[in-house]
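A.B. asks: Data: target-v3.tsv, TSV, N, CA and C atoms.
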```tsv
chain	number	residue	atom	x	y	z
A	327	MET	N	107.50	118.37	84.03
A	327	MET	CA	107.61	119.58	84.82
A	327	MET	C	108.99	120.22	84.66
A	328	ARG	N	110.00	119.42	84.41
A	328	ARG	CA	111.36	119.96	84.30
A	328	ARG	C	111.50	120.95	83.15
A	329	ASP	N	110.86	120.66	82.03
A	329	ASP	CA	111.00	121.55	80.88
A	329	ASP	C	109.99	122.69	80.87
A	330	GLY	N	109.10	122.74	81.86
A	330	GLY	CA	108.15	123.84	81.99
A	330	GLY	C	106.89	123.70	81.16
A	331	ARG	N	106.77	122.63	80.39
A	331	ARG	CA	105.58	122.45	79.57
A	331	ARG	C	104.47	121.80	80.39
A	332	PRO	N	103.22	122.22	80.16
A	332	PRO	CA	102.10	121.59	80.86
A	332	PRO	C	101.90	120.15	80.40
A	333	LEU	N	101.25	119.36	81.24
A	333	LEU	CA	101.06	117.95	80.95
A	333	LEU	C	99.64	117.55	81.34
A	334	LEU	N	98.97	116.84	80.44
A	334	LEU	CA	97.64	116.30	80.74
A	334	LEU	C	97.82	114.80	80.97
A	335	MET	N	97.49	114.36	82.18
A	335	MET	CA	97.64	112.95	82.55
A	335	MET	C	96.25	112.33	82.68
A	336	ASN	N	96.11	111.06	82.27
A	336	ASN	CA	94.82	110.38	82.43
A	336	ASN	C	95.02	109.12	83.25
A	337	PHE	N	94.04	108.85	84.08
A	337	PHE	CA	94.06	107.67	84.92
A	337	PHE	C	92.79	106.87	84.69
A	338	ASP	N	92.96	105.58	84.47
A	338	ASP	CA	91.82	104.67	84.35
A	338	ASP	C	91.41	104.28	85.76
A	339	THR	N	90.27	104.75	86.21
A	339	THR	CA	89.85	104.52	87.60
A	339	THR	C	89.26	103.14	87.83
A	340	ARG	N	89.01	102.37	86.78
A	340	ARG	CA	88.44	101.03	86.97
A	340	ARG	C	89.41	100.10	87.66
A	341	LEU	N	90.70	100.25	87.42
A	341	LEU	CA	91.69	99.33	87.97
A	341	LEU	C	91.87	99.49	89.48
A	342	ARG	N	91.91	100.72	89.97
A	342	ARG	CA	92.22	100.94	91.38
A	342	ARG	C	91.01	101.32	92.22
A	343	PHE	N	90.06	102.00	91.64
A	343	PHE	CA	88.98	102.54	92.45
A	343	PHE	C	87.64	101.85	92.23
A	344	GLY	N	87.55	100.99	91.25
A	344	GLY	CA	86.33	100.23	91.04
A	344	GLY	C	85.21	100.99	90.37
A	345	CYS	N	85.40	102.25	90.04
A	345	CYS	CA	84.34	102.98	89.35
A	345	CYS	C	84.60	102.90	87.85
A	346	ASN	N	83.57	103.08	87.09
A	346	ASN	CA	83.67	102.92	85.64
A	346	ASN	C	83.93	104.26	84.98
A	347	GLY	N	85.19	104.62	84.84
A	347	GLY	CA	85.51	105.89	84.21
A	347	GLY	C	86.98	106.19	84.23
A	348	ARG	N	87.29	107.45	83.97
A	348	ARG	CA	88.67	107.88	84.00
A	348	ARG	C	88.74	109.31	84.50
A	349	ILE	N	89.92	109.71	84.92
A	349	ILE	CA	90.15	111.06	85.44
A	349	ILE	C	91.25	111.69	84.61
A	350	ASP	N	91.02	112.92	84.15
A	350	ASP	CA	92.06	113.70	83.49
A	350	ASP	C	92.57	114.72	84.49
A	351	VAL	N	93.89	114.78	84.66
A	351	VAL	CA	94.52	115.73	85.58
A	351	VAL	C	95.49	116.58	84.79
A	352	PHE	N	95.29	117.89	84.85
A	352	PHE	CA	96.17	118.83	84.16
A	352	PHE	C	97.19	119.35	85.14
A	353	VAL	N	98.48	119.21	84.82
A	353	VAL	CA	99.57	119.63	85.71
A	353	VAL	C	100.39	120.68	84.97
A	354	GLU	N	100.68	121.77	85.67
A	354	GLU	CA	101.52	122.81	85.06
A	354	GLU	C	102.27	123.58	86.12
A	355	ARG	N	103.34	124.17	85.72
A	355	ARG	CA	104.11	125.06	86.58
A	355	ARG	C	103.46	126.43	86.52
A	356	ILE	N	103.34	127.10	87.66
A	356	ILE	CA	102.71	128.43	87.66
A	356	ILE	C	103.75	129.51	87.89
A	357	ARG	N	103.46	130.70	87.42
A	357	ARG	CA	104.36	131.83	87.55
A	357	ARG	C	104.16	132.54	88.89
A	358	GLU	N	105.19	133.22	89.34
A	358	GLU	CA	105.10	133.98	90.59
A	358	GLU	C	104.05	135.07	90.51
A	359	GLU	N	103.88	135.68	89.32
A	359	GLU	CA	102.89	136.74	89.15
A	359	GLU	C	101.49	136.21	89.40
A	360	PHE	N	101.26	134.96	89.00
A	360	PHE	CA	99.96	134.33	89.22
A	360	PHE	C	99.69	134.23	90.73
A	361	LEU	N	100.68	133.77	91.48
A	361	LEU	CA	100.52	133.65	92.93
A	361	LEU	C	100.34	135.01	93.59
A	362	ALA	N	101.05	136.02	93.11
A	362	ALA	CA	100.92	137.36	93.68
A	362	ALA	C	99.52	137.91	93.45
A	363	GLU	N	98.98	137.73	92.24
A	363	GLU	CA	97.63	138.24	91.96
A	363	GLU	C	96.58	137.44	92.74
A	364	LEU	N	96.78	136.14	92.84
A	364	LEU	CA	95.87	135.31	93.63
A	364	LEU	C	95.88	135.75	95.09
A	365	SER	N	97.05	136.00	95.62
A	365	SER	CA	97.18	136.46	97.01
A	365	SER	C	96.50	137.82	97.21
A	366	ALA	N	96.65	138.72	96.26
A	366	ALA	CA	96.02	140.04	96.35
A	366	ALA	C	94.49	139.91	96.36
A	367	ASN	N	93.95	139.03	95.52
A	367	ASN	CA	92.51	138.79	95.51
A	367	ASN	C	92.04	138.24	96.85
A	368	PHE	N	92.77	137.29	97.39
A	368	PHE	CA	92.37	136.68	98.66
A	368	PHE	C	92.48	137.67	99.82
A	369	ALA	N	93.48	138.55	99.79
A	369	ALA	CA	93.61	139.56	100.84
A	369	ALA	C	92.40	140.48	100.86
A	370	GLU	N	91.78	140.69	99.69
A	370	GLU	CA	90.57	141.51	99.59
A	370	GLU	C	89.30	140.66	99.70
A	371	ARG	N	89.47	139.35	99.98
A	371	ARG	CA	88.35	138.40	100.13
A	371	ARG	C	87.53	138.31	98.84
A	372	ARG	N	88.21	138.36	97.68
A	372	ARG	CA	87.55	138.21	96.39
A	372	ARG	C	87.96	136.87	95.79
A	373	SER	N	87.04	136.27	95.03
A	373	SER	CA	87.41	135.08	94.28
A	373	SER	C	88.24	135.51	93.08
A	374	ALA	N	89.08	134.61	92.61
A	374	ALA	CA	89.92	134.88	91.45
A	374	ALA	C	89.46	133.99	90.31
A	375	ARG	N	89.52	134.51	89.08
A	375	ARG	CA	89.04	133.76	87.92
A	375	ARG	C	90.10	133.76	86.82
A	376	PRO	N	91.12	132.89	86.94
A	376	PRO	CA	92.11	132.81	85.85
A	376	PRO	C	91.50	132.15	84.62
A	377	ARG	N	91.98	132.56	83.46
A	377	ARG	CA	91.45	132.05	82.20
A	377	ARG	C	92.54	131.29	81.46
A	378	ARG	N	92.16	130.20	80.82
A	378	ARG	CA	93.06	129.40	80.00
A	378	ARG	C	92.42	129.25	78.63
A	379	PHE	N	93.22	129.38	77.60
A	379	PHE	CA	92.75	129.12	76.25
A	379	PHE	C	93.14	127.70	75.88
A	380	SER	N	92.19	126.90	75.45
A	380	SER	CA	92.45	125.48	75.19
A	380	SER	C	93.50	125.26	74.11
A	381	ALA	N	93.61	126.16	73.16
A	381	ALA	CA	94.58	125.96	72.08
A	381	ALA	C	96.02	126.12	72.55
A	382	THR	N	96.27	127.02	73.49
A	382	THR	CA	97.65	127.29	73.90
A	382	THR	C	98.02	126.61	75.21
A	383	LEU	N	97.05	126.18	75.98
A	383	LEU	CA	97.28	125.58	77.29
A	383	LEU	C	98.09	126.49	78.21
A	384	ASN	N	97.94	127.79	78.06
A	384	ASN	CA	98.63	128.75	78.92
A	384	ASN	C	97.62	129.68	79.57
A	385	TRP	N	97.90	130.05	80.82
A	385	TRP	CA	97.03	131.01	81.51
A	385	TRP	C	97.20	132.37	80.87
A	386	ALA	N	96.11	133.06	80.72
A	386	ALA	CA	96.20	134.44	80.24
A	386	ALA	C	96.87	135.28	81.32
A	387	ARG	N	97.46	136.40	80.94
A	387	ARG	CA	98.17	137.23	81.92
A	387	ARG	C	97.22	137.84	82.94
A	388	ALA	N	96.00	138.15	82.52
A	388	ALA	CA	95.05	138.81	83.43
A	388	ALA	C	93.99	137.82	83.89
A	389	PHE	N	93.48	138.07	85.05
A	389	PHE	CA	92.35	137.31	85.55
A	389	PHE	C	91.09	137.88	84.90
A	390	VAL	N	90.06	137.08	84.82
A	390	VAL	CA	88.81	137.50	84.20
A	390	VAL	C	87.96	138.24	85.24
A	391	ARG	N	87.45	139.41	84.85
A	391	ARG	CA	86.51	140.12	85.73
A	391	ARG	C	85.17	139.38	85.73
A	392	ARG	N	84.41	139.54	86.77
A	392	ARG	CA	83.13	138.84	86.89
A	392	ARG	C	82.16	139.21	85.76
A	393	ASP	N	82.21	140.45	85.28
A	393	ASP	CA	81.28	140.90	84.24
A	393	ASP	C	81.82	140.72	82.82
A	394	GLU	N	83.00	140.13	82.67
A	394	GLU	CA	83.63	139.98	81.35
A	394	GLU	C	83.04	138.80	80.58
A	395	GLN	N	82.81	139.00	79.27
A	395	GLN	CA	82.35	137.92	78.39
A	395	GLN	C	83.49	136.92	78.18
A	396	ILE	N	83.17	135.64	78.15
A	396	ILE	CA	84.17	134.60	78.00
A	396	ILE	C	83.94	133.89	76.67
A	397	SER	N	85.00	133.78	75.87
A	397	SER	CA	84.87	133.12	74.57
A	397	SER	C	84.73	131.61	74.75
A	398	GLY	N	84.23	130.94	73.71
A	398	GLY	CA	83.97	129.51	73.78
A	398	GLY	C	85.21	128.65	73.86
A	399	ASP	N	86.39	129.18	73.48
A	399	ASP	CA	87.60	128.37	73.52
A	399	ASP	C	88.41	128.59	74.80
A	400	ALA	N	87.79	129.18	75.81
A	400	ALA	CA	88.49	129.48	77.06
A	400	ALA	C	87.92	128.64	78.19
A	401	PHE	N	88.79	128.31	79.12
A	401	PHE	CA	88.40	127.64	80.36
A	401	PHE	C	88.66	128.62	81.49
A	402	VAL	N	87.65	128.87	82.31
A	402	VAL	CA	87.80	129.78	83.43
A	402	VAL	C	87.57	129.00	84.72
A	403	GLN	N	88.53	129.12	85.61
A	403	GLN	CA	88.43	128.44	86.90
A	403	GLN	C	88.18	129.48	87.99
A	404	GLU	N	87.21	129.22	88.83
A	404	GLU	CA	86.93	130.12	89.95
A	404	GLU	C	87.65	129.59	91.18
A	405	ILE	N	88.52	130.40	91.75
A	405	ILE	CA	89.27	130.02	92.96
A	405	ILE	C	88.79	130.93	94.08
A	406	GLU	N	88.15	130.34	95.05
A	406	GLU	CA	87.55	131.10	96.15
A	406	GLU	C	88.55	131.32	97.29
A	407	PRO	N	88.41	132.43	98.01
A	407	PRO	CA	89.23	132.61	99.22
A	407	PRO	C	88.79	131.61	100.29
A	408	ALA	N	89.63	131.43	101.27
A	408	ALA	CA	89.33	130.49	102.35
A	408	ALA	C	88.05	130.89	103.08
A	409	ILE	N	87.36	129.91	103.60
A	409	ILE	CA	86.20	130.19	104.46
A	409	ILE	C	86.72	130.86	105.72
A	410	ARG	N	86.00	131.84	106.19
A	410	ARG	CA	86.34	132.52	107.44
A	410	ARG	C	85.34	132.06	108.50
A	411	LEU	N	85.85	131.59	109.62
A	411	LEU	CA	85.01	131.15	110.72
A	411	LEU	C	85.10	132.16	111.85
A	412	LEU	N	83.95	132.68	112.26
A	412	LEU	CA	83.88	133.59	113.39
A	412	LEU	C	83.53	132.77	114.63
A	413	ILE	N	84.34	132.88	115.65
A	413	ILE	CA	84.08	132.18	116.91
A	413	ILE	C	83.69	133.22	117.95
A	414	PHE	N	82.51	133.06	118.51
A	414	PHE	CA	82.01	134.00	119.51
A	414	PHE	C	82.30	133.47	120.90
A	415	GLY	N	82.93	134.29	121.73
A	415	GLY	CA	83.21	133.90	123.11
A	415	GLY	C	84.43	133.01	123.23
A	416	LYS	N	84.76	132.68	124.48
A	416	LYS	CA	85.93	131.85	124.75
A	416	LYS	C	85.53	130.66	125.62
A	417	GLY	N	84.53	129.92	125.15
A	417	GLY	CA	84.07	128.75	125.89
A	417	GLY	C	85.00	127.56	125.70
A	418	PRO	N	84.68	126.43	126.34
A	418	PRO	CA	85.54	125.26	126.25
A	418	PRO	C	85.61	124.64	124.85
A	419	ASP	N	84.64	124.95	124.01
A	419	ASP	CA	84.66	124.39	122.65
A	419	ASP	C	85.43	125.27	121.66
A	420	SER	N	85.88	126.44	122.06
A	420	SER	CA	86.57	127.35	121.15
A	420	SER	C	87.90	126.80	120.64
A	421	ALA	N	88.72	126.25	121.53
A	421	ALA	CA	90.05	125.75	121.12
A	421	ALA	C	89.95	124.59	120.14
A	422	PRO	N	89.12	123.55	120.40
A	422	PRO	CA	89.03	122.47	119.40
A	422	PRO	C	88.42	122.94	118.08
A	423	LEU	N	87.47	123.85	118.15
A	423	LEU	CA	86.87	124.38	116.93
A	423	LEU	C	87.89	125.15	116.11
A	424	ARG	N	88.70	125.95	116.78
A	424	ARG	CA	89.78	126.69	116.11
A	424	ARG	C	90.77	125.71	115.47
A	425	ALA	N	91.15	124.67	116.20
A	425	ALA	CA	92.11	123.69	115.68
A	425	ALA	C	91.56	123.00	114.43
A	426	LEU	N	90.29	122.60	114.45
A	426	LEU	CA	89.69	121.95	113.28
A	426	LEU	C	89.63	122.90	112.08
A	427	ALA	N	89.25	124.13	112.32
A	427	ALA	CA	89.17	125.11	111.24
A	427	ALA	C	90.55	125.35	110.63
A	428	GLU	N	91.57	125.42	111.45
A	428	GLU	CA	92.93	125.64	110.93
A	428	GLU	C	93.42	124.44	110.14
A	429	ILE	N	93.06	123.22	110.55
A	429	ILE	CA	93.41	122.03	109.77
A	429	ILE	C	92.79	122.11	108.38
A	430	LEU	N	91.56	122.62	108.30
A	430	LEU	CA	90.87	122.76	107.02
A	430	LEU	C	91.38	123.93	106.17
A	431	GLY	N	92.27	124.75	106.74
A	431	GLY	CA	92.80	125.89	106.00
A	431	GLY	C	91.89	127.11	106.06
A	432	TRP	N	90.94	127.12	106.99
A	432	TRP	CA	90.03	128.25	107.13
A	432	TRP	C	90.71	129.37	107.90
A	433	GLU	N	90.26	130.60	107.66
A	433	GLU	CA	90.66	131.73	108.49
A	433	GLU	C	89.79	131.70	109.73
A	434	VAL	N	90.37	132.01	110.87
A	434	VAL	CA	89.61	132.02	112.12
A	434	VAL	C	89.71	133.40	112.74
A	435	ALA	N	88.58	133.94	113.15
A	435	ALA	CA	88.54	135.23	113.84
A	435	ALA	C	87.68	135.08	115.08
A	436	GLU	N	88.22	135.48	116.21
A	436	GLU	CA	87.44	135.46	117.45
A	436	GLU	C	86.77	136.82	117.61
A	437	VAL	N	85.49	136.79	117.91
A	437	VAL	CA	84.70	138.02	118.02
A	437	VAL	C	84.26	138.18	119.47
A	438	ASP	N	84.69	139.27	120.09
A	438	ASP	CA	84.31	139.54	121.46
A	438	ASP	C	83.16	140.53	121.56
A	439	GLN	N	83.15	141.51	120.65
A	439	GLN	CA	82.15	142.56	120.69
A	439	GLN	C	81.26	142.49	119.44
A	440	PRO	N	79.95	142.63	119.59
A	440	PRO	CA	79.06	142.61	118.42
A	440	PRO	C	79.40	143.67	117.39
A	441	THR	N	80.00	144.78	117.81
A	441	THR	CA	80.35	145.84	116.86
A	441	THR	C	81.48	145.40	115.91
A	442	ASP	N	82.26	144.38	116.28
A	442	ASP	CA	83.33	143.87	115.42
A	442	ASP	C	82.80	143.01	114.28
A	443	LEU	N	81.55	142.58	114.38
A	443	LEU	CA	81.00	141.61	113.44
A	443	LEU	C	80.94	142.12	112.02
A	444	SER	N	80.51	143.33	111.78
A	444	SER	CA	80.31	143.81	110.41
A	444	SER	C	81.61	143.88	109.61
A	445	SER	N	82.73	144.06	110.26
A	445	SER	CA	83.99	144.16	109.53
A	445	SER	C	84.56	142.80	109.13
A	446	HIS	N	83.98	141.72	109.62
A	446	HIS	CA	84.51	140.40	109.35
A	446	HIS	C	83.68	139.56	108.38
A	447	THR	N	82.46	139.97	108.09
A	447	THR	CA	81.57	139.08	107.34
A	447	THR	C	81.60	139.32	105.84
A	448	ASP	N	81.43	138.23	105.10
A	448	ASP	CA	81.23	138.27	103.66
A	448	ASP	C	80.53	136.97	103.29
A	449	ALA	N	80.42	136.69	102.00
A	449	ALA	CA	79.67	135.52	101.54
A	449	ALA	C	80.33	134.19	101.92
A	450	ARG	N	81.61	134.21	102.28
A	450	ARG	CA	82.31	132.97	102.65
A	450	ARG	C	82.64	132.97	104.13
A	451	THR	N	81.71	133.45	104.95
A	451	THR	CA	81.89	133.50	106.39
A	451	THR	C	80.89	132.58	107.07
A	452	ALA	N	81.39	131.81	108.03
A	452	ALA	CA	80.55	130.97	108.87
A	452	ALA	C	80.74	131.43	110.31
A	453	ALA	N	79.80	131.09	111.18
A	453	ALA	CA	79.90	131.55	112.57
A	453	ALA	C	79.56	130.41	113.51
A	454	SER	N	80.18	130.47	114.69
A	454	SER	CA	79.89	129.47	115.72
A	454	SER	C	79.72	130.18	117.04
```
Hey, can you dump this file as structure tokens for me?
C.D. replies:
Amino acid sequence: MRDGRPLLMNFDTRLRFGCNGRIDVFVERIREEFLAELSANFAERRSARPRRFSATLNWARAFVRRDEQISGDAFVQEIEPAIRLLIFGKGPDSAPLRALAEILGWEVAEVDQPTDLSSHTDARTAAS
């Protein structure tokens, strides 16, 4: 990580975990522009699709659009925005539910009026 080059690490899982296999973990330093674009996608509640070319092991500068053709030598990762949990009312179960959702990294929105509902929902929304 010090020199900025990506690293592919492998772990033999038979020794520690008892399963018959191995795990490959790819570790790399990311650019600030990547985080800014990821944040912009999440602010709009869109998934982000960064692309990597296996030959260069570097992220492409642009994210892949959903309708874009992907070449065979590319790896595309889909990164989804956080789940949004809508909590209706202020009953005794609201506070613990909110706390659990926040531990999971979910967005929490309290809904008091039914008219507020349409502005909060998308495909990654749950309700309680």
A.B. asks: With DSSP run on the backbone, what are the strand (DSSP E or B) residues within stretch 390-449 of chain A? I'd like them as a list in words.
C.D. replies: Ala400, Phe401, Val402, Ile405, Arg410, Leu411, Leu412, Ile413, Phe414, Glu433, Val434, Ala435, Glu436 and Val437 of chain A
A.B. asks: If you count only C-alpha atoms, which residues fall within 12 Å of stretch 413-428 of chain A, apart from same-chain ones fewer than 3 positions away, as a PDB file with N, CA and C atoms, keeping the file's coordinate frame?
C.D. replies:
```pdb
ATOM      1  N   ALA A 408      89.630 131.430 101.270  1.00  0.00           N
ATOM      2  CA  ALA A 408      89.330 130.490 102.350  1.00  0.00           C
ATOM      3  C   ALA A 408      88.050 130.890 103.080  1.00  0.00           C
ATOM      4  N   ILE A 409      87.360 129.910 103.600  1.00  0.00           N
ATOM      5  CA  ILE A 409      86.200 130.190 104.460  1.00  0.00           C
ATOM      6  C   ILE A 409      86.720 130.860 105.720  1.00  0.00           C
ATOM      7  N   ARG A 410      86.000 131.840 106.190  1.00  0.00           N
ATOM      8  CA  ARG A 410      86.340 132.520 107.440  1.00  0.00           C
ATOM      9  C   ARG A 410      85.340 132.060 108.500  1.00  0.00           C
ATOM     10  N   GLY A 431      92.270 124.750 106.740  1.00  0.00           N
ATOM     11  CA  GLY A 431      92.800 125.890 106.000  1.00  0.00           C
ATOM     12  C   GLY A 431      91.890 127.110 106.060  1.00  0.00           C
ATOM     13  N   TRP A 432      90.940 127.120 106.990  1.00  0.00           N
ATOM     14  CA  TRP A 432      90.030 128.250 107.130  1.00  0.00           C
ATOM     15  C   TRP A 432      90.710 129.370 107.900  1.00  0.00           C
ATOM     16  N   GLU A 433      90.260 130.600 107.660  1.00  0.00           N
ATOM     17  CA  GLU A 433      90.660 131.730 108.490  1.00  0.00           C
ATOM     18  C   GLU A 433      89.790 131.700 109.730  1.00  0.00           C
ATOM     19  N   VAL A 434      90.370 132.010 110.870  1.00  0.00           N
ATOM     20  CA  VAL A 434      89.610 132.020 112.120  1.00  0.00           C
ATOM     21  C   VAL A 434      89.710 133.400 112.740  1.00  0.00           C
ATOM     22  N   ALA A 435      88.580 133.940 113.150  1.00  0.00           N
ATOM     23  CA  ALA A 435      88.540 135.230 113.840  1.00  0.00           C
ATOM     24  C   ALA A 435      87.680 135.080 115.080  1.00  0.00           C
ATOM     25  N   GLU A 436      88.220 135.480 116.210  1.00  0.00           N
ATOM     26  CA  GLU A 436      87.440 135.460 117.450  1.00  0.00           C
ATOM     27  C   GLU A 436      86.770 136.820 117.610  1.00  0.00           C
ATOM     28  N   VAL A 437      85.490 136.790 117.910  1.00  0.00           N
ATOM     29  CA  VAL A 437      84.700 138.020 118.020  1.00  0.00           C
ATOM     30  C   VAL A 437      84.260 138.180 119.470  1.00  0.00           C
ATOM     31  N   ASP A 438      84.690 139.270 120.090  1.00  0.00           N
ATOM     32  CA  ASP A 438      84.310 139.540 121.460  1.00  0.00           C
ATOM     33  C   ASP A 438      83.160 140.530 121.560  1.00  0.00           C
ATOM     34  N   GLN A 439      83.150 141.510 120.650  1.00  0.00           N
ATOM     35  CA  GLN A 439      82.150 142.560 120.690  1.00  0.00           C
ATOM     36  C   GLN A 439      81.260 142.490 119.440  1.00  0.00           C
ATOM     37  N   PRO A 440      79.950 142.630 119.590  1.00  0.00           N
ATOM     38  CA  PRO A 440      79.060 142.610 118.420  1.00  0.00           C
ATOM     39  C   PRO A 440      79.400 143.670 117.390  1.00  0.00           C
ATOM     40  N   ASP A 442      82.260 144.380 116.280  1.00  0.00           N
ATOM     41  CA  ASP A 442      83.330 143.870 115.420  1.00  0.00           C
ATOM     42  C   ASP A 442      82.800 143.010 114.280  1.00  0.00           C
ATOM     43  N   LEU A 443      81.550 142.580 114.380  1.00  0.00           N
ATOM     44  CA  LEU A 443      81.000 141.610 113.440  1.00  0.00           C
ATOM     45  C   LEU A 443      80.940 142.120 112.020  1.00  0.00           C
ATOM     46  N   HIS A 446      83.980 141.720 109.620  1.00  0.00           N
ATOM     47  CA  HIS A 446      84.510 140.400 109.350  1.00  0.00           C
ATOM     48  C   HIS A 446      83.680 139.560 108.380  1.00  0.00           C
ATOM     49  N   THR A 451      81.710 133.450 104.950  1.00  0.00           N
ATOM     50  CA  THR A 451      81.890 133.500 106.390  1.00  0.00           C
ATOM     51  C   THR A 451      80.890 132.580 107.070  1.00  0.00           C
ATOM     52  N   ALA A 452      81.390 131.810 108.030  1.00  0.00           N
ATOM     53  CA  ALA A 452      80.550 130.970 108.870  1.00  0.00           C
ATOM     54  C   ALA A 452      80.740 131.430 110.310  1.00  0.00           C
ATOM     55  N   ALA A 453      79.800 131.090 111.180  1.00  0.00           N
ATOM     56  CA  ALA A 453      79.900 131.550 112.570  1.00  0.00           C
ATOM     57  C   ALA A 453      79.560 130.410 113.510  1.00  0.00           C
ATOM     58  N   SER A 454      80.180 130.470 114.690  1.00  0.00           N
ATOM     59  CA  SER A 454      79.890 129.470 115.720  1.00  0.00           C
ATOM     60  C   SER A 454      79.720 130.180 117.040  1.00  0.00           C
TER      61      SER A 454
END
```
A.B. asks: Can you list, as a list in words, every protein, DNA or RNA residue that comes within 6.5 Å of A:Thr339 when you count all atoms listed in the file, leaving out same-chain residues fewer than 6 positions away?
C.D. replies: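 Using all atoms listed in the file, the neighbours found are Cys345, Asn346, Gly347, Arg348 and Ile349 of chain A.
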A.B. asks: Take the residues that were just selected and, keeping N, CA and C atoms, output them as a PDB file, keeping the file's coordinate frame.
C.D. replies:
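part-v8.pdb, written as the output of this step:
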```
ATOM      1  N   CYS A 345      85.400 102.250  90.040  1.00  0.00           N
ATOM      2  CA  CYS A 345      84.340 102.980  89.350  1.00  0.00           C
ATOM      3  C   CYS A 345      84.600 102.900  87.850  1.00  0.00           C
ATOM      4  N   ASN A 346      83.570 103.080  87.090  1.00  0.00           N
ATOM      5  CA  ASN A 346      83.670 102.920  85.640  1.00  0.00           C
ATOM      6  C   ASN A 346      83.930 104.260  84.980  1.00  0.00           C
ATOM      7  N   GLY A 347      85.190 104.620  84.840  1.00  0.00           N
ATOM      8  CA  GLY A 347      85.510 105.890  84.210  1.00  0.00           C
ATOM      9  C   GLY A 347      86.980 106.190  84.230  1.00  0.00           C
ATOM     10  N   ARG A 348      87.290 107.450  83.970  1.00  0.00           N
ATOM     11  CA  ARG A 348      88.670 107.880  84.000  1.00  0.00           C
ATOM     12  C   ARG A 348      88.740 109.310  84.500  1.00  0.00           C
ATOM     13  N   ILE A 349      89.920 109.710  84.920  1.00  0.00           N
ATOM     14  CA  ILE A 349      90.150 111.060  85.440  1.00  0.00           C
ATOM     15  C   ILE A 349      91.250 111.690  84.610  1.00  0.00           C
TER      16      ILE A 349
END
```
A.B. asks: Excluding stretch 368-371 of chain A and any residue of its chain fewer than 3 positions from it, enumerate the residues within 6.5 Å of it, using only N, CA and C atoms, and give them as a list in words.
C.D. replies: Glu363, Leu364, Ser365, Pro407 and Ala408 of chain A
A.B. asks: What parts of chain A does DSSP call alpha helix (DSSP H)? I'd like the answer as a list of chain:residue names.
C.D. replies: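 Filtering chain A down to alpha helix (DSSP H) leaves A:Thr339, A:Arg340, A:Leu341, A:Arg342, A:Glu358, A:Glu359, A:Phe360, A:Leu361, A:Ala362, A:Glu363, A:Leu364, A:Ser365, A:Ala366, A:Asn367, A:Phe368, A:Ala369, A:Ser420, A:Ala421, A:Pro422, A:Leu423, A:Arg424, A:Ala425, A:Leu426, A:Ala427, A:Glu428, A:Ile429.
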A.B. asks: Would you mind exporting the chosen residues as a short mmCIF file (atom, residue, chain, number, x, y, z; two decimals), in the frame of the given file, restricted to N, CA and C atoms?
C.D. replies:
```cif
data_model
loop_
_atom_site.label_atom_id
_atom_site.label_comp_id
_atom_site.auth_asym_id
_atom_site.auth_seq_id
_atom_site.Cartn_x
_atom_site.Cartn_y
_atom_site.Cartn_z
N THR A 339 90.27 104.75 86.21
CA THR A 339 89.85 104.52 87.60
C THR A 339 89.26 103.14 87.83
N ARG A 340 89.01 102.37 86.78
CA ARG A 340 88.44 101.03 86.97
C ARG A 340 89.41 100.10 87.66
N LEU A 341 90.70 100.25 87.42
CA LEU A 341 91.69 99.33 87.97
C LEU A 341 91.87 99.49 89.48
N ARG A 342 91.91 100.72 89.97
CA ARG A 342 92.22 100.94 91.38
C ARG A 342 91.01 101.32 92.22
N GLU A 358 105.19 133.22 89.34
CA GLU A 358 105.10 133.98 90.59
C GLU A 358 104.05 135.07 90.51
N GLU A 359 103.88 135.68 89.32
CA GLU A 359 102.89 136.74 89.15
C GLU A 359 101.49 136.21 89.40
N PHE A 360 101.26 134.96 89.00
CA PHE A 360 99.96 134.33 89.22
C PHE A 360 99.69 134.23 90.73
N LEU A 361 100.68 133.77 91.48
CA LEU A 361 100.52 133.65 92.93
C LEU A 361 100.34 135.01 93.59
N ALA A 362 101.05 136.02 93.11
CA ALA A 362 100.92 137.36 93.68
C ALA A 362 99.52 137.91 93.45
N GLU A 363 98.98 137.73 92.24
CA GLU A 363 97.63 138.24 91.96
C GLU A 363 96.58 137.44 92.74
N LEU A 364 96.78 136.14 92.84
CA LEU A 364 95.87 135.31 93.63
C LEU A 364 95.88 135.75 95.09
N SER A 365 97.05 136.00 95.62
CA SER A 365 97.18 136.46 97.01
C SER A 365 96.50 137.82 97.21
N ALA A 366 96.65 138.72 96.26
CA ALA A 366 96.02 140.04 96.35
C ALA A 366 94.49 139.91 96.36
N ASN A 367 93.95 139.03 95.52
CA ASN A 367 92.51 138.79 95.51
C ASN A 367 92.04 138.24 96.85
N PHE A 368 92.77 137.29 97.39
CA PHE A 368 92.37 136.68 98.66
C PHE A 368 92.48 137.67 99.82
N ALA A 369 93.48 138.55 99.79
CA ALA A 369 93.61 139.56 100.84
C ALA A 369 92.40 140.48 100.86
N SER A 420 85.88 126.44 122.06
CA SER A 420 86.57 127.35 121.15
C SER A 420 87.90 126.80 120.64
N ALA A 421 88.72 126.25 121.53
CA ALA A 421 90.05 125.75 121.12
C ALA A 421 89.95 124.59 120.14
N PRO A 422 89.12 123.55 120.40
CA PRO A 422 89.03 122.47 119.40
C PRO A 422 88.42 122.94 118.08
N LEU A 423 87.47 123.85 118.15
CA LEU A 423 86.87 124.38 116.93
C LEU A 423 87.89 125.15 116.11
N ARG A 424 88.70 125.95 116.78
CA ARG A 424 89.78 126.69 116.11
C ARG A 424 90.77 125.71 115.47
N ALA A 425 91.15 124.67 116.20
CA ALA A 425 92.11 123.69 115.68
C ALA A 425 91.56 123.00 114.43
N LEU A 426 90.29 122.60 114.45
CA LEU A 426 89.69 121.95 113.28
C LEU A 426 89.63 122.90 112.08
N ALA A 427 89.25 124.13 112.32
CA ALA A 427 89.17 125.11 111.24
C ALA A 427 90.55 125.35 110.63
N GLU A 428 91.57 125.42 111.45
CA GLU A 428 92.93 125.64 110.93
C GLU A 428 93.42 124.44 110.14
N ILE A 429 93.06 123.22 110.55
CA ILE A 429 93.41 122.03 109.77
C ILE A 429 92.79 122.11 108.38
#
```
